[in-house]
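Worksheet: one structure, shown below.
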Amino acid sequence: MPIRIPRGWEIPEREASPEHLVFGRRKAFGIGAGLMVAAPAMAQTAEAFPPAMRNTRYVPGRDITAERDATTYNNYYEFGTDKGISRAAQRLPQRPWTVKVEGMVGTPREFGIEDLLRTMPIEERVYRLRCVEAWSMVVPWTGFPLSALLAQVNPLASAKYVVFETAAIPAVMPGLRQSWYPWPYTEGCTIEEAGNELSFMVVGAYGKALPAQNGGPIRFHQPWKYGFKAGKSITRIRLTDQRPVSFWERIQATEYGFWANVNPEVSHPRWSQASERVIGTNERVPTRLFNGYADFVAPLYTGLQNERLWA
């Protein structure tokens, strides 16, 4: 008898949302069933933020973290080095906001956040988030594939890497006074990683505009990597043929490398990565290779066994 092994993203049909609820919700917001892009968001309120259909291809396998926990336990060194920076981050203006995409592209462009909300294929994805500090969350992000954004600027064939730069606004970011850090915060990935279907530009969470403390109004997320790889409050994206040295790699390369893929069998120099603390609970659970997304991303690293992929 043939044996069928389901992939990690599959769910039983009985768990899918009923059609009348999905399309009824869209109708209530004045969005046609065939329209997959969002209307402009004019203010950061739950009422103004456009609704988005959940993509059930990406199943976290855990309960969603409570919104209060996910929005009050945050790493954002521009506002402070502890986790309680949510109040301080409210000083970061969310509008107007633009993102420049430049470098080795055929059509450099500057996008307003409202333009992206209006033109990109907006959807909701529930992703796991695994911090290198061995804690984790599950968050319903709203956003669009990075590949959809890059398609608007026509990357050159010679482009090999994508670099993300976080806003640096001294007037509202007191952490920038710590001059020993290599501001602005930058992160990067290969062009192949950027093109992977999981690579996601995030503009919302929990059905609302993305809070400033979580990287609003727009951040980057690759759920198979440790969280420090996810740039927050992005103002510039640059394509290059030179491998970037990112923020934490520049500070301590022996602890924070370029790839930083999640692997429970490779410890951080100062602690084990075999398990993780689930934020909002007292639970500690085993960590999974690539944070549970190996089916989607493992082929990206074929032939790279000599690279330091896990730290």
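Here's how to read the names in the structure tokens: chain A, B, ... by the order shown, residue numbers from 1 in each chain, ligand numbers from 1 in the order shown.
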Self-check item: DSSP strand (DSSP E or B) residues within region 139-268 of chain A, as number ranges by chain
Solution: A: 139-145, 155, 161-166, 186-190, 200-205, 208-209, 219-221, 225-226, 234-240, 261, 268
Practice problem: If you run DSSP over the backbone, which residues in region 24-271 of chain A end up alpha helix (DSSP H)? Put them as a PyMOL selection string. | Solution: chain A and resi 24-28+67-70+86-89+113-119+146-150+191-195+247-251
If you keep C-alpha atoms, can you produce a file of those selected residues as a compact mmCIF listing (two decimals), in the first residue's frame?
# COMPACT_ATOMS: atom_id res chain seq x y z
CA GLY A 24 -18.39 37.50 3.64
CA ARG A 25 -15.71 39.31 5.63
CA ARG A 26 -14.20 40.73 2.46
CA LYS A 27 -17.62 41.88 1.27
CA ALA A 28 -18.22 43.62 4.58
CA GLU A 67 -1.12 39.98 21.16
CA ARG A 68 -0.25 41.70 24.43
CA ASP A 69 2.78 39.45 24.91
CA ALA A 70 4.01 39.84 21.32
CA SER A 86 7.12 49.38 23.59
CA ARG A 87 6.23 52.72 25.18
CA ALA A 88 9.42 54.44 24.03
CA ALA A 89 8.92 53.17 20.48
CA ILE A 113 3.91 52.73 2.55
CA GLU A 114 0.42 53.50 1.25
CA ASP A 115 1.57 52.59 -2.27
CA LEU A 116 2.75 49.21 -1.02
CA LEU A 117 -0.49 48.55 0.83
CA ARG A 118 -2.43 49.41 -2.32
CA THR A 119 -0.38 47.53 -4.92
CA LEU A 146 9.67 40.10 -0.79
CA SER A 147 9.84 38.70 -4.31
CA ALA A 148 6.79 40.78 -5.28
CA LEU A 149 8.59 43.96 -4.24
CA LEU A 150 11.84 43.06 -5.99
CA ILE A 191 19.24 36.86 -3.63
CA GLU A 192 18.16 33.20 -3.59
CA GLU A 193 16.97 33.48 0.02
CA ALA A 194 15.16 36.71 -0.84
CA GLY A 195 13.33 34.90 -3.63
CA PHE A 247 24.96 44.73 12.49
CA TRP A 248 25.52 41.89 14.97
CA GLU A 249 28.11 40.18 12.78
CA ARG A 250 30.15 43.38 12.84
CA ILE A 251 29.91 43.52 16.64
Per residue of region 203-299 of chain A within 8 Å of region 123-129 of chain A, what are the shortest atom pair and its distance in Å to one decimal, counting only C-alpha atoms, with rows by chain and residue number, as CSV?
residue,atom,partner,partner_atom,distance
A:Pro223,CA,A:Leu129,CA,5.8
A:Tyr226,CA,A:Leu129,CA,7.6
A:Gly227,CA,A:Leu129,CA,6.5
A:Asn291,CA,A:Arg128,CA,7.4
Exercise. Considering only C-alpha atoms, state which residue in the set A:Pro264, A:Pro170, A:Gly303, A:Pro244 is at the smallest distance from Glu276 (chain A).
Key: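 Going through A:Pro264, A:Pro170, A:Gly303, A:Pro244 one by one, the smallest distance to Glu276 (chain A) is for A:Pro264.
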Quiz item: Hey, which of A:Thr190, A:Thr254, A:Asn55, A:Asn75 ends up closest to Tyr161 (chain A)? Count only C-alpha atoms.
Solution: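 Smallest distance to Tyr161 (chain A) is found for A:Thr190.
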Quiz item: If you measure from CA of Tyr58 (chain A) to CA of Asn154 (chain A), what distance in Å do you get, rounded to one decimal?
Solution: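 It comes out at 27.4 Å.
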Self-check item: Nearby residues (only C-alpha atoms) at most 8 Å from Leu92 (chain A), same-chain spacing under 3 positions excluded, as a list of chain:residue names
Solution: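 In the requested format, the answer is A:Ala89, A:Val172, A:Met173, A:Ala212.
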Store the residues picked out above in a file with N, CA and C atoms, as a compact mmCIF listing (two decimals), in the first residue's frame.
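Generated output (result.txt):
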# COMPACT_ATOMS: atom_id res chain seq x y z
N ALA A 89 8.98 53.28 21.93
CA ALA A 89 8.92 53.17 20.48
C ALA A 89 7.75 53.95 19.87
N VAL A 172 14.18 60.54 18.10
CA VAL A 172 13.19 59.67 18.73
C VAL A 172 13.76 58.30 19.12
N MET A 173 15.01 58.04 18.77
CA MET A 173 15.63 56.74 19.06
C MET A 173 16.82 56.97 20.00
N ALA A 212 5.00 50.08 16.16
CA ALA A 212 6.37 50.57 16.04
C ALA A 212 7.36 49.66 16.75
Quiz item: Nearest to Val202 (chain A): which of A:Thr235, A:Thr142, A:Asn214, A:Thr71 is it, counting only C-alpha atoms?
Solution: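 Going through A:Thr235, A:Thr142, A:Asn214, A:Thr71 one by one, the smallest distance to Val202 (chain A) is for A:Thr142.
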Exercise. Using only C-alpha atoms, pick whichever of A:Pro182, A:Glu307, A:Ala298, A:Ala209 has the shortest atom-to-atom distance to Val245 (chain A).
Key: A:Pro182
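Between Gly207 (chain A) and the residues A:Gly175, A:Gly80, A:Pro51, A:Pro269, the shortest atom-to-atom distance, using only C-alpha atoms, involves A:Pro51.
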